[in-house]
file query.tsv (TSV, C-alpha atoms and all ligand atoms)
chain	number	residue	atom	x	y	z
A	26	MET	CA	92.70	95.73	64.74
A	27	SER	CA	95.03	93.77	67.01
A	28	ALA	CA	93.96	93.26	70.62
A	29	ALA	CA	95.87	95.28	73.21
A	30	GLU	CA	98.65	93.45	74.99
A	31	LYS	CA	97.71	92.43	78.53
A	32	ILE	CA	99.38	93.38	81.79
A	33	SER	CA	98.11	91.73	84.95
A	34	ILE	CA	97.97	93.33	88.39
A	35	THR	CA	97.78	91.72	91.81
A	36	ASP	CA	96.19	94.10	94.28
A	37	VAL	CA	98.09	93.60	97.52
A	38	GLY	CA	95.99	96.17	99.41
A	39	PRO	CA	94.16	93.55	101.51
A	40	ARG	CA	97.62	92.42	102.80
A	41	ASP	CA	100.43	94.97	102.31
A	42	GLY	CA	97.88	97.78	102.53
A	43	LEU	CA	96.18	96.71	105.73
A	44	GLN	CA	99.04	95.10	107.69
A	45	ASN	CA	100.50	98.44	108.78
A	46	GLN	CA	97.32	100.40	109.52
A	47	GLU	CA	96.65	101.72	112.98
A	48	LYS	CA	93.03	100.70	112.57
A	49	ILE	CA	92.59	96.93	112.50
A	50	LEU	CA	89.76	95.85	110.22
A	51	THR	CA	87.43	92.95	110.96
A	52	PRO	CA	87.45	90.00	108.54
A	53	GLN	CA	84.06	91.27	107.27
A	54	GLN	CA	85.54	94.70	106.48
A	55	ARG	CA	88.54	93.05	104.80
A	56	LEU	CA	86.09	91.04	102.67
A	57	GLN	CA	84.18	94.21	101.81
A	58	LEU	CA	87.40	95.68	100.38
A	59	ILE	CA	88.15	92.44	98.50
A	60	GLU	CA	84.64	92.45	96.99
A	61	ALA	CA	85.07	96.07	95.82
A	62	LEU	CA	88.35	95.08	94.13
A	63	LEU	CA	86.70	92.08	92.46
A	64	LYS	CA	83.94	94.37	91.19
A	65	ALA	CA	86.61	96.58	89.61
A	66	GLY	CA	87.90	93.53	87.69
A	67	LEU	CA	91.19	92.85	89.51
A	68	PRO	CA	92.38	89.50	88.14
A	69	SER	CA	94.49	88.67	91.18
A	70	LEU	CA	94.45	89.56	94.89
A	71	GLU	CA	96.79	89.04	97.83
A	72	ILE	CA	94.03	88.57	100.37
A	73	GLY	CA	96.03	88.57	103.61
A	74	SER	CA	98.86	86.77	105.32
A	75	PHE	CA	99.35	83.78	107.57
A	76	VAL	CA	101.86	85.27	109.97
A	77	SER	CA	102.14	85.46	113.74
A	78	PRO	CA	99.18	87.51	115.01
A	79	LYS	CA	101.56	88.81	117.69
A	80	ALA	CA	103.90	90.16	115.00
A	81	VAL	CA	101.15	91.59	112.76
A	82	PRO	CA	97.82	91.85	114.62
A	83	ALA	CA	96.01	93.28	111.57
A	84	MET	CA	96.48	89.97	109.72
A	85	ALA	CA	94.96	87.73	112.41
A	86	ASN	CA	91.94	85.67	111.24
A	87	THR	CA	92.97	85.47	107.60
A	88	ASP	CA	91.39	81.99	107.64
A	89	THR	CA	88.00	83.68	108.18
A	90	VAL	CA	88.72	85.94	105.22
A	91	VAL	CA	89.51	82.94	103.01
A	92	ALA	CA	86.30	81.22	104.10
A	93	GLY	CA	84.32	84.27	102.94
A	94	LEU	CA	85.99	84.73	99.53
A	95	PRO	CA	83.62	84.65	96.55
A	96	ALA	CA	84.30	81.42	94.63
A	97	ALA	CA	86.22	81.89	91.38
A	98	GLY	CA	86.34	85.65	91.87
A	99	ALA	CA	90.02	86.02	90.99
A	100	TYR	CA	93.40	84.40	91.53
A	101	TYR	CA	93.78	84.47	95.31
A	102	THR	CA	97.10	84.26	97.13
A	103	ALA	CA	98.21	84.90	100.72
A	104	LEU	CA	101.61	85.87	102.05
A	105	VAL	CA	103.41	83.35	104.25
A	106	PRO	CA	106.70	83.83	106.14
A	107	ASN	CA	107.48	80.18	106.94
A	108	LEU	CA	106.30	76.57	106.74
A	109	LYS	CA	103.78	77.04	109.53
A	110	GLY	CA	102.19	79.84	107.47
A	111	TYR	CA	102.16	77.53	104.46
A	112	GLU	CA	100.37	74.81	106.44
A	113	LEU	CA	97.80	77.28	107.76
A	114	ALA	CA	97.14	78.60	104.25
A	115	ARG	CA	96.88	75.12	102.76
A	116	ALA	CA	94.42	74.06	105.45
A	117	THR	CA	92.03	76.77	104.24
A	118	GLY	CA	92.08	75.29	100.72
A	119	LEU	CA	93.84	78.28	99.17
A	120	GLY	CA	95.55	77.31	95.90
A	121	SER	CA	98.43	79.81	96.08
A	122	VAL	CA	100.82	81.25	98.64
A	123	THR	CA	103.37	84.05	98.36
A	124	MET	CA	106.57	83.24	100.23
A	125	VAL	CA	109.03	86.01	101.03
A	126	VAL	CA	112.79	85.55	100.63
A	127	TYR	CA	115.37	88.29	101.15
A	128	ALA	CA	118.08	90.02	99.17
A	129	SER	CA	119.74	90.97	102.46
A	130	ASP	CA	120.42	89.13	105.68
A	131	GLY	CA	119.62	92.22	107.76
A	132	MET	CA	116.07	92.47	106.46
A	133	SER	CA	115.51	88.73	106.89
A	134	ARG	CA	116.51	88.92	110.55
A	135	ALA	CA	114.39	92.03	111.17
A	136	ASN	CA	111.30	90.63	109.47
A	137	VAL	CA	111.25	86.98	110.50
A	138	GLY	CA	114.13	86.55	112.92
A	139	LYS	CA	116.08	84.09	110.75
A	140	ASP	CA	119.04	84.42	108.42
A	141	TRP	CA	118.34	84.77	104.73
A	142	LEU	CA	119.86	81.41	103.72
A	143	ALA	CA	117.71	79.59	106.27
A	144	ILE	CA	114.68	81.22	104.64
A	145	GLU	CA	115.86	80.14	101.18
A	146	ALA	CA	116.24	76.56	102.42
A	147	MET	CA	112.75	76.73	103.95
A	148	THR	CA	111.37	77.99	100.64
A	149	GLU	CA	112.91	75.02	98.80
A	150	THR	CA	111.14	72.67	101.21
A	151	MET	CA	107.92	74.61	100.72
A	152	LEU	CA	108.15	74.31	96.92
A	153	GLN	CA	108.55	70.54	97.20
A	154	GLN	CA	105.62	70.23	99.58
A	155	ALA	CA	103.49	72.58	97.47
A	156	ALA	CA	104.13	70.57	94.30
A	157	ALA	CA	102.77	67.51	96.09
A	158	ASP	CA	99.78	69.52	97.36
A	159	ALA	CA	99.11	71.18	93.96
A	160	VAL	CA	99.54	74.60	95.55
A	161	GLU	CA	101.31	77.38	93.64
A	162	VAL	CA	104.12	79.30	95.31
A	163	ILE	CA	104.93	82.85	94.28
A	164	VAL	CA	108.37	83.83	95.58
A	165	THR	CA	108.81	87.50	96.43
A	166	ILE	CA	112.35	88.79	96.85
A	167	ALA	CA	112.12	91.51	99.52
A	168	VAL	CA	114.46	94.53	99.47
A	169	ALA	CA	115.57	93.60	95.93
A	170	PHE	CA	116.69	97.16	95.18
A	171	GLY	CA	117.69	98.55	98.55
A	172	CYS	CA	117.61	97.58	102.22
A	173	PRO	CA	116.99	99.82	105.24
A	174	PHE	CA	119.77	97.98	107.10
A	175	GLU	CA	122.33	97.19	104.39
A	176	GLY	CA	121.82	99.92	101.79
A	177	GLU	CA	122.09	99.24	98.07
A	178	ILE	CA	121.75	95.62	96.97
A	179	ASP	CA	124.15	93.94	94.53
A	180	PRO	CA	122.02	92.97	91.48
A	181	ALA	CA	124.00	89.72	91.21
A	182	VAL	CA	122.44	88.63	94.52
A	183	VAL	CA	118.93	89.16	93.18
A	184	GLU	CA	119.79	87.45	89.89
A	185	ARG	CA	121.08	84.42	91.82
A	186	ILE	CA	117.95	84.16	93.98
A	187	ALA	CA	115.56	84.70	91.05
A	188	ALA	CA	117.29	82.08	88.89
A	189	LYS	CA	117.23	79.56	91.73
A	190	PHE	CA	113.51	79.83	92.47
A	191	LEU	CA	112.41	80.02	88.83
A	192	GLN	CA	114.35	76.82	88.29
A	193	LEU	CA	112.75	75.23	91.38
A	194	GLY	CA	109.26	75.87	90.00
A	195	ALA	CA	108.02	79.09	91.56
A	196	ALA	CA	104.78	80.20	89.88
A	197	ARG	CA	106.32	83.66	89.70
A	198	VAL	CA	109.33	85.51	91.11
A	199	VAL	CA	108.52	89.06	92.17
A	200	LEU	CA	111.18	91.71	92.73
A	201	ALA	CA	109.98	93.78	95.67
A	202	ASP	CA	111.17	97.29	96.36
A	203	THR	CA	110.05	96.99	99.98
A	204	ILE	CA	111.11	100.50	101.05
A	205	GLY	CA	110.76	102.39	97.77
A	206	ALA	CA	114.51	102.76	97.22
A	207	ALA	CA	114.57	101.74	93.55
A	208	SER	CA	115.39	104.12	90.72
A	209	PRO	CA	114.30	103.69	87.09
A	210	ALA	CA	117.88	103.12	85.91
A	211	GLN	CA	118.36	100.37	88.50
A	212	VAL	CA	115.00	98.81	87.57
A	213	LYS	CA	115.90	98.92	83.87
A	214	ALA	CA	119.22	97.15	84.46
A	215	LEU	CA	117.89	94.43	86.77
A	216	THR	CA	114.60	93.63	85.01
A	217	GLY	CA	116.35	93.80	81.62
A	218	ALA	CA	118.94	91.23	82.71
A	219	LEU	CA	116.30	88.93	84.21
A	220	VAL	CA	113.96	89.11	81.21
A	221	ARG	CA	116.87	88.35	78.86
A	222	ALA	CA	117.92	85.38	81.00
A	223	HIS	CA	114.52	83.87	81.80
A	224	GLY	CA	111.78	85.52	79.71
A	225	ALA	CA	109.08	87.63	81.34
A	226	ALA	CA	106.31	85.07	81.79
A	227	ARG	CA	107.11	84.28	85.45
A	228	LEU	CA	108.53	87.64	86.54
A	229	GLY	CA	106.80	90.48	88.36
A	230	CYS	CA	107.61	93.72	90.17
A	231	HIS	CA	106.34	95.21	93.42
A	232	PHE	CA	107.11	98.89	94.01
A	233	HIS	CA	106.51	101.21	96.92
A	234	ASP	CA	105.93	104.87	96.21
A	235	THR	CA	107.99	106.31	99.05
A	236	ARG	CA	109.67	109.03	96.99
A	237	ALA	CA	107.33	109.48	94.04
A	238	LEU	CA	109.33	107.11	91.80
A	239	GLY	CA	106.74	104.33	91.89
A	240	LEU	CA	105.24	104.94	88.45
A	241	ALA	CA	108.60	105.75	86.88
A	242	ASN	CA	109.81	102.36	88.11
A	243	VAL	CA	106.72	100.61	86.72
A	244	TYR	CA	107.38	102.30	83.37
A	245	ALA	CA	111.03	101.25	83.37
A	246	ALA	CA	110.01	97.63	84.05
A	247	VAL	CA	107.29	97.66	81.35
A	248	GLU	CA	109.88	98.88	78.86
A	249	GLN	CA	112.01	95.83	79.68
A	250	GLY	CA	109.07	93.47	79.11
A	251	ILE	CA	107.70	92.94	82.64
A	252	ARG	CA	103.97	92.18	82.33
A	253	HIS	CA	102.97	91.61	85.95
A	254	PHE	CA	102.82	94.14	88.78
A	255	ASP	CA	101.73	94.23	92.39
A	256	ALA	CA	99.98	97.44	93.41
A	257	SER	CA	97.81	98.55	96.29
A	258	ILE	CA	94.45	100.25	96.19
A	259	GLY	CA	94.63	103.82	97.46
A	260	ARG	CA	98.44	103.68	97.87
A	261	LEU	CA	97.90	101.86	101.17
A	262	GLY	CA	100.85	99.89	102.42
A	263	GLY	CA	104.12	99.55	104.18
A	264	CYS	CA	106.09	96.98	106.10
A	265	PRO	CA	106.03	97.28	109.91
A	266	PHE	CA	109.57	95.85	110.06
A	267	ALA	CA	111.23	98.02	107.38
A	268	PRO	CA	111.94	101.52	108.65
A	269	GLY	CA	110.98	104.15	106.06
A	270	ALA	CA	108.63	101.97	104.00
A	271	ALA	CA	105.65	103.95	102.68
A	272	GLY	CA	102.63	102.81	100.66
A	273	ASN	CA	102.74	100.66	97.56
A	274	VAL	CA	102.35	102.28	94.20
A	275	ALA	CA	98.59	102.88	93.92
A	276	THR	CA	96.60	100.46	91.76
A	277	GLU	CA	94.64	103.37	90.26
A	278	ASP	CA	97.87	105.15	89.25
A	279	VAL	CA	99.29	102.00	87.67
A	280	VAL	CA	96.07	101.25	85.78
A	281	MET	CA	95.99	104.82	84.46
A	282	LEU	CA	99.60	104.61	83.26
A	283	LEU	CA	99.07	101.23	81.60
A	284	GLN	CA	95.85	102.35	79.89
A	285	GLN	CA	97.66	105.39	78.52
A	286	LEU	CA	100.44	103.16	77.22
A	287	GLY	CA	97.79	101.11	75.38
A	288	PHE	CA	97.85	97.96	77.53
A	289	ALA	CA	94.73	96.06	78.59
A	290	THR	CA	94.30	95.45	82.33
A	291	GLY	CA	90.65	94.37	82.40
A	292	ILE	CA	90.10	96.86	85.23
A	293	ASP	CA	87.24	99.36	85.32
A	294	MET	CA	88.50	102.74	86.53
A	295	ALA	CA	85.18	104.01	87.94
A	296	ALA	CA	84.76	100.88	90.06
A	297	LEU	CA	88.42	101.01	91.05
A	298	LEU	CA	88.01	104.56	92.35
A	299	GLN	CA	85.02	103.36	94.38
A	300	ALA	CA	87.23	100.67	95.90
A	301	ALA	CA	89.82	103.37	96.71
A	302	THR	CA	87.19	105.47	98.45
A	303	LEU	CA	86.11	102.42	100.42
A	304	ALA	CA	89.72	101.70	101.42
A	305	ASN	CA	89.95	105.28	102.58
A	306	THR	CA	86.73	105.11	104.57
A	307	LEU	CA	87.54	101.77	106.19
A	308	THR	CA	91.07	102.64	107.31
A	309	GLY	CA	90.57	106.35	107.88
A	310	THR	CA	94.14	106.98	106.70
A	311	ALA	CA	94.38	105.95	103.04
A	312	PRO	CA	96.53	108.52	101.26
A	313	GLY	CA	95.04	107.77	97.81
A	314	GLY	CA	96.74	107.49	94.45
A	315	ARG	CA	98.66	110.48	93.13
A	316	ALA	CA	96.24	110.77	90.18
A	317	THR	CA	93.01	110.20	92.14
A	318	ALA	CA	91.62	113.75	92.10
A	319	TRP	CA	92.34	114.12	88.37
A	320	LEU	CA	90.79	110.71	87.57
A	321	GLN	CA	87.67	111.49	89.61
A	322	ARG	CA	87.18	114.81	87.85
A	323	SER	CA	87.55	113.31	84.38
A	324	LEU	CA	85.04	110.56	85.17
A	325	GLN	CA	82.59	113.17	86.46
A	326	LYS	CA	83.05	115.21	83.28
A	327	GLN	CA	82.51	112.09	81.17
A	328	SER	CA	79.25	111.18	82.88
A	329	ALA	CA	78.01	114.79	82.75
A	330	GLN	CA	78.74	114.77	79.01
A	331	GLN	CA	76.88	111.48	78.55
A	332	ALA	CA	73.86	112.82	80.46
A	333	SER	CA	73.82	115.97	78.33
A	334	ASP	CA	74.14	113.94	75.09
A	335	GLN	CA	71.13	111.89	76.16
A	336	ARG	CA	69.10	115.08	76.72
A	337	GLN	CA	69.77	116.36	73.18
A	338	PRO	CA	66.84	115.67	70.80
A	339	ALA	CA	67.77	113.25	68.03
B	1	LIG	N1	101.38	82.05	111.51
B	1	LIG	C1	100.89	82.11	112.76
B	1	LIG	N2	101.63	81.84	113.86
B	1	LIG	C2	102.92	81.51	113.67
B	1	LIG	C3	103.49	81.43	112.40
B	1	LIG	C4	102.67	81.71	111.29
B	1	LIG	N3	103.14	81.69	110.04
B	1	LIG	N4	104.77	81.08	112.53
B	1	LIG	C5	105.02	80.94	113.83
B	1	LIG	N5	103.90	81.20	114.54
B	1	LIG	C6	103.70	81.16	115.97
B	1	LIG	C7	104.30	79.96	116.64
B	1	LIG	O1	103.39	78.89	116.61
B	1	LIG	C8	104.55	80.46	118.04
B	1	LIG	O2	103.32	80.51	118.74
B	1	LIG	P1	103.25	80.38	120.33
B	1	LIG	O3	104.02	81.55	120.87
B	1	LIG	O4	101.78	80.45	120.61
B	1	LIG	O5	103.89	79.07	120.62
B	1	LIG	C9	104.97	81.90	117.81
B	1	LIG	O6	104.43	82.26	116.54
B	1	LIG	C10	106.48	82.09	117.79
B	1	LIG	O7	107.05	81.14	116.90
B	1	LIG	P2	108.57	81.23	116.42
B	1	LIG	O8	108.81	80.18	115.40
B	1	LIG	O9	109.47	81.28	117.63
B	1	LIG	O10	108.57	82.56	115.66
B	1	LIG	P3	109.14	84.00	116.02
B	1	LIG	O11	108.60	84.51	117.30
B	1	LIG	O12	110.61	83.97	115.80
B	1	LIG	O13	108.43	84.81	114.82
B	1	LIG	C11	107.49	84.79	112.60
B	1	LIG	C12	108.69	84.44	113.47
B	1	LIG	C13	107.90	84.56	111.16
B	1	LIG	C14	106.32	83.92	112.95
B	1	LIG	C15	107.09	86.25	112.85
B	1	LIG	O14	108.23	87.07	112.85
B	1	LIG	C16	106.13	86.76	111.80
B	1	LIG	O15	105.00	86.34	111.70
B	1	LIG	N6	106.54	87.70	111.01
B	1	LIG	C17	105.71	88.23	109.96
B	1	LIG	C18	106.39	89.35	109.32
B	1	LIG	C19	105.51	90.02	108.32
B	1	LIG	O16	104.36	89.69	108.07
B	1	LIG	N7	106.08	91.02	107.71
B	1	LIG	C20	105.41	91.83	106.75
B	1	LIG	C21	105.28	91.19	105.42
B	1	LIG	S1	106.78	90.88	104.57
B	2	ZN	ZN	105.36	95.65	99.89
call {"tool": "encode", "arguments": {"input": "query.tsv", "output": "structure tokens", "more": "lines below"}}
Ligand code: COA
Ligand code: ZN
result
Amino acid sequence: MSAAEKISITDVGPRDGLQNQEKILTPQQRLQLIEALLKAGLPSLEIGSFVSPKAVPAMANTDTVVAGLPAAGAYYTALVPNLKGYELARATGLGSVTMVVYASDGMSRANVGKDWLAIEAMTETMLQQAAADAVEVIVTIAVAFGCPFEGEIDPAVVERIAAKFLQLGAARVVLADTIGAASPAQVKALTGALVRAHGAARLGCHFHDTRALGLANVYAAVEQGIRHFDASIGRLGGCPFAPGAAGNVATEDVVMLLQQLGFATGIDMAALLQAATLANTLTGTAPGGRATAWLQRSLQKQSAQQASDQRQPA
């Protein structure tokens, strides 16, 4: 029997999920969510961001979160918007940052107040610095499929940016559908072209589930060979600076799809659903994955069956 092929997931709930919530969690509550995700077997977590606390109050004190992370629990990364964010992350001893670049100038100006080429230049500097510091840099291309300010994005733009940062040594380049505008046909074309040009090892996708196409987009990317996805526990998420952005595709939905396709994720569904319930309780607003009720019922049925099997005399 051959082992199932692996697909890895970064849960971005502790960052993308929490940054846009009305309720601001304490670092201890953020760590509680992280610990629940570790218990579920998530191999990788985006634990917060080093951004201006004036711009995103929910992400203040990410240094306290880093200080409380269980050692060797998972691959930990934090989002940074600029070199100051990089320095703050590095000072905590974190071994990975996720820098955001933009497939449109409009989104770059709205999110970080600088033009997109200035951010690309800053990212090049960061990659050089990070190589010297032995820190990994994941480069996420925001609005890779559609922009709230500029509409549809030319795939050639995304291909140019991806090629540039793969060549400059990014640990991974992630195509982010920041507002949930992507369609499966668009995902197929863009991920197909990138996988053919660069291989899949350092590519990933990040979808938002704004119009119920999240899982269809994951499927389209899997079919083209993408083997890394960002997802967010409980479908939490959304960018405060991108009008119309809803939650990320839910981790529990993605894990269910991948399990049914025969891939190994290393994630335990029962523990994952507990993490989703916790996310819900902590934020008071978590919408939950689209499959949550169904998954909970089938787990309940399974454990009832096991209990009844144990009661049967041998
Ligand atoms: N972390 C914390 N503080 C930062 C920072 C960072 N990464 N970068 C800049 N700052 C601070 C500066 O030190 C300065 O502080 P002061 O007012 O006490 O002197 C203040 O923020 C303004 O600095 P400036 O360089 O003028 O930035 P700005 O006001 O143009 O804001 C960003 C630019 C990038 C800092 C801000 O827009 C931001 O944090 N955006 C985050 C967007 C985000 O997280 N989006 C969602 C995820 S994609
Ligand atoms: Zn996102």
call {"tool": "residues_around", "arguments": {"input": "query.tsv", "residues": "A:Gly205", "least_positions_apart": "4", "cutoff": "10 Å", "atoms": "only C-alpha atoms", "output": "PyMOL selection string"}}
result
chain A and resi 168+170-172+201+231-239+242+263+269-274
call {"tool": "residues_near_ligand", "arguments": {"input": "query.tsv", "ligand": "ligand ZN 2 (chain B)", "cutoff": "12 Å", "atoms": "only C-alpha atoms and all ligand atoms", "output": "PyMOL selection string"}}
result
chain A and resi 35-45+71+104+123+125+165-169+199-206+230-235+239+254-257+260-267+269-275
call {"tool": "closest_atom_pairs", "arguments": {"input": "query.tsv", "of": "chain A", "to": "ligand LIG 1 (chain B)", "cutoff": "8 Å", "atoms": "only C-alpha atoms and all ligand atoms", "output": "Markdown table"}}
result
| residue | atom | partner | partner_atom | distance |
| --- | --- | --- | --- | --- |
| A:Asp41 | CA | B:LIG1 | C21 | 6.9 |
| A:Gln44 | CA | B:LIG1 | C20 | 7.2 |
| A:Ser74 | CA | B:LIG1 | O16 | 6.8 |
| A:Phe75 | CA | B:LIG1 | N1 | 4.8 |
| A:Val76 | CA | B:LIG1 | N1 | 3.6 |
| A:Ser77 | CA | B:LIG1 | O15 | 3.6 |
| A:Pro78 | CA | B:LIG1 | C1 | 6.1 |
| A:Lys79 | CA | B:LIG1 | O6 | 7.2 |
| A:Ala80 | CA | B:LIG1 | O15 | 5.2 |
| A:Val81 | CA | B:LIG1 | O16 | 6.0 |
| A:Leu104 | CA | B:LIG1 | C21 | 7.3 |
| A:Val105 | CA | B:LIG1 | N3 | 6.0 |
| A:Pro106 | CA | B:LIG1 | C13 | 5.2 |
| A:Asn107 | CA | B:LIG1 | N3 | 5.5 |
| A:Leu108 | CA | B:LIG1 | N3 | 6.9 |
| A:Lys109 | CA | B:LIG1 | N3 | 4.7 |
| A:Gly110 | CA | B:LIG1 | N3 | 3.3 |
| A:Tyr111 | CA | B:LIG1 | N3 | 7.0 |
| A:Leu113 | CA | B:LIG1 | N1 | 7.0 |
| A:Val125 | CA | B:LIG1 | S1 | 6.4 |
| A:Asn136 | CA | B:LIG1 | C18 | 5.1 |
| A:Val137 | CA | B:LIG1 | O14 | 3.8 |
| A:Gly138 | CA | B:LIG1 | O12 | 5.2 |
| A:Lys139 | CA | B:LIG1 | O12 | 7.4 |
| A:Ala167 | CA | B:LIG1 | S1 | 7.4 |
| A:Cys264 | CA | B:LIG1 | C20 | 5.2 |
| A:Pro265 | CA | B:LIG1 | C20 | 6.3 |
| A:Phe266 | CA | B:LIG1 | N7 | 6.4 |
call {"tool": "write_last_selection", "arguments": {"input": "query.tsv", "atoms": "C-alpha atoms", "output": "JSON list (two decimals), keeping the file's coordinate frame"}}
result
[["chain", "number", "residue", "atom", "x", "y", "z"],
["A", 41, "ASP", "CA", 100.43, 94.97, 102.31],
["A", 44, "GLN", "CA", 99.04, 95.10, 107.69],
["A", 74, "SER", "CA", 98.86, 86.77, 105.32],
["A", 75, "PHE", "CA", 99.35, 83.78, 107.57],
["A", 76, "VAL", "CA", 101.86, 85.27, 109.97],
["A", 77, "SER", "CA", 102.14, 85.46, 113.74],
["A", 78, "PRO", "CA", 99.18, 87.51, 115.01],
["A", 79, "LYS", "CA", 101.56, 88.81, 117.69],
["A", 80, "ALA", "CA", 103.90, 90.16, 115.00],
["A", 81, "VAL", "CA", 101.15, 91.59, 112.76],
["A", 104, "LEU", "CA", 101.61, 85.87, 102.05],
["A", 105, "VAL", "CA", 103.41, 83.35, 104.25],
["A", 106, "PRO", "CA", 106.70, 83.83, 106.14],
["A", 107, "ASN", "CA", 107.48, 80.18, 106.94],
["A", 108, "LEU", "CA", 106.30, 76.57, 106.74],
["A", 109, "LYS", "CA", 103.78, 77.04, 109.53],
["A", 110, "GLY", "CA", 102.19, 79.84, 107.47],
["A", 111, "TYR", "CA", 102.16, 77.53, 104.46],
["A", 113, "LEU", "CA", 97.80, 77.28, 107.76],
["A", 125, "VAL", "CA", 109.03, 86.01, 101.03],
["A", 136, "ASN", "CA", 111.30, 90.63, 109.47],
["A", 137, "VAL", "CA", 111.25, 86.98, 110.50],
["A", 138, "GLY", "CA", 114.13, 86.55, 112.92],
["A", 139, "LYS", "CA", 116.08, 84.09, 110.75],
["A", 167, "ALA", "CA", 112.12, 91.51, 99.52],
["A", 264, "CYS", "CA", 106.09, 96.98, 106.10],
["A", 265, "PRO", "CA", 106.03, 97.28, 109.91],
["A", 266, "PHE", "CA", 109.57, 95.85, 110.06]]
call {"tool": "closest_residue", "arguments": {"input": "query.tsv", "among": "A:Pro82, A:Tyr127, A:Thr216, A:Ala332", "to": "A:Glu47", "atoms": "all atoms listed in the file"}}
result
A:Pro82
call {"tool": "closest_residue", "arguments": {"input": "query.tsv", "among": "A:Gln54, A:Gln46, A:Gln284, A:Asn86", "to": "A:Pro312", "atoms": "all atoms listed in the file"}}
result
A:Gln46
call {"tool": "build_atoms", "arguments": {"input": "query.tsv", "residues": "stretch 286-291 of chain A", "atoms": "all heavy atoms", "output": "PDB file, keeping the file's coordinate frame"}}
result
ATOM      1  N   LEU A 286      99.423 103.784  78.063  1.00  0.00           N
ATOM      2  CA  LEU A 286     100.440 103.160  77.220  1.00  0.00           C
ATOM      3  C   LEU A 286      99.823 102.177  76.221  1.00  0.00           C
ATOM      4  O   LEU A 286     100.529 101.580  75.411  1.00  0.00           O
ATOM      5  CB  LEU A 286     101.468 102.418  78.087  1.00  0.00           C
ATOM      6  CG  LEU A 286     102.379 103.300  78.958  1.00  0.00           C
ATOM      7  CD1 LEU A 286     103.222 102.435  79.900  1.00  0.00           C
ATOM      8  CD2 LEU A 286     103.277 104.177  78.097  1.00  0.00           C
ATOM      9  N   GLY A 287      98.486 101.970  76.334  1.00  0.00           N
ATOM     10  CA  GLY A 287      97.790 101.110  75.380  1.00  0.00           C
ATOM     11  C   GLY A 287      97.694  99.649  75.795  1.00  0.00           C
ATOM     12  O   GLY A 287      97.354  98.793  74.981  1.00  0.00           O
ATOM     13  N   PHE A 288      97.985  99.343  77.060  1.00  0.00           N
ATOM     14  CA  PHE A 288      97.850  97.960  77.530  1.00  0.00           C
ATOM     15  C   PHE A 288      96.441  97.713  78.063  1.00  0.00           C
ATOM     16  O   PHE A 288      95.768  98.635  78.528  1.00  0.00           O
ATOM     17  CB  PHE A 288      98.856  97.682  78.655  1.00  0.00           C
ATOM     18  CG  PHE A 288     100.281  97.620  78.185  1.00  0.00           C
ATOM     19  CD1 PHE A 288     101.104  98.737  78.284  1.00  0.00           C
ATOM     20  CD2 PHE A 288     100.795  96.468  77.606  1.00  0.00           C
ATOM     21  CE1 PHE A 288     102.414  98.698  77.834  1.00  0.00           C
ATOM     22  CE2 PHE A 288     102.103  96.420  77.155  1.00  0.00           C
ATOM     23  CZ  PHE A 288     102.919  97.538  77.271  1.00  0.00           C
ATOM     24  N   ALA A 289      96.030  96.447  78.020  1.00  0.00           N
ATOM     25  CA  ALA A 289      94.730  96.060  78.590  1.00  0.00           C
ATOM     26  C   ALA A 289      94.965  95.490  79.980  1.00  0.00           C
ATOM     27  O   ALA A 289      95.838  94.647  80.165  1.00  0.00           O
ATOM     28  CB  ALA A 289      94.083  95.008  77.694  1.00  0.00           C
ATOM     29  N   THR A 290      94.188  95.979  80.964  1.00  0.00           N
ATOM     30  CA  THR A 290      94.300  95.450  82.330  1.00  0.00           C
ATOM     31  C   THR A 290      93.023  94.748  82.766  1.00  0.00           C
ATOM     32  O   THR A 290      93.021  94.053  83.774  1.00  0.00           O
ATOM     33  CB  THR A 290      94.565  96.589  83.348  1.00  0.00           C
ATOM     34  OG1 THR A 290      93.443  97.484  83.312  1.00  0.00           O
ATOM     35  CG2 THR A 290      95.834  97.360  83.019  1.00  0.00           C
ATOM     36  N   GLY A 291      91.941  94.945  82.019  1.00  0.00           N
ATOM     37  CA  GLY A 291      90.650  94.370  82.400  1.00  0.00           C
ATOM     38  C   GLY A 291      90.021  95.056  83.604  1.00  0.00           C
ATOM     39  O   GLY A 291      89.049  94.559  84.172  1.00  0.00           O
TER      40      GLY A 291
END
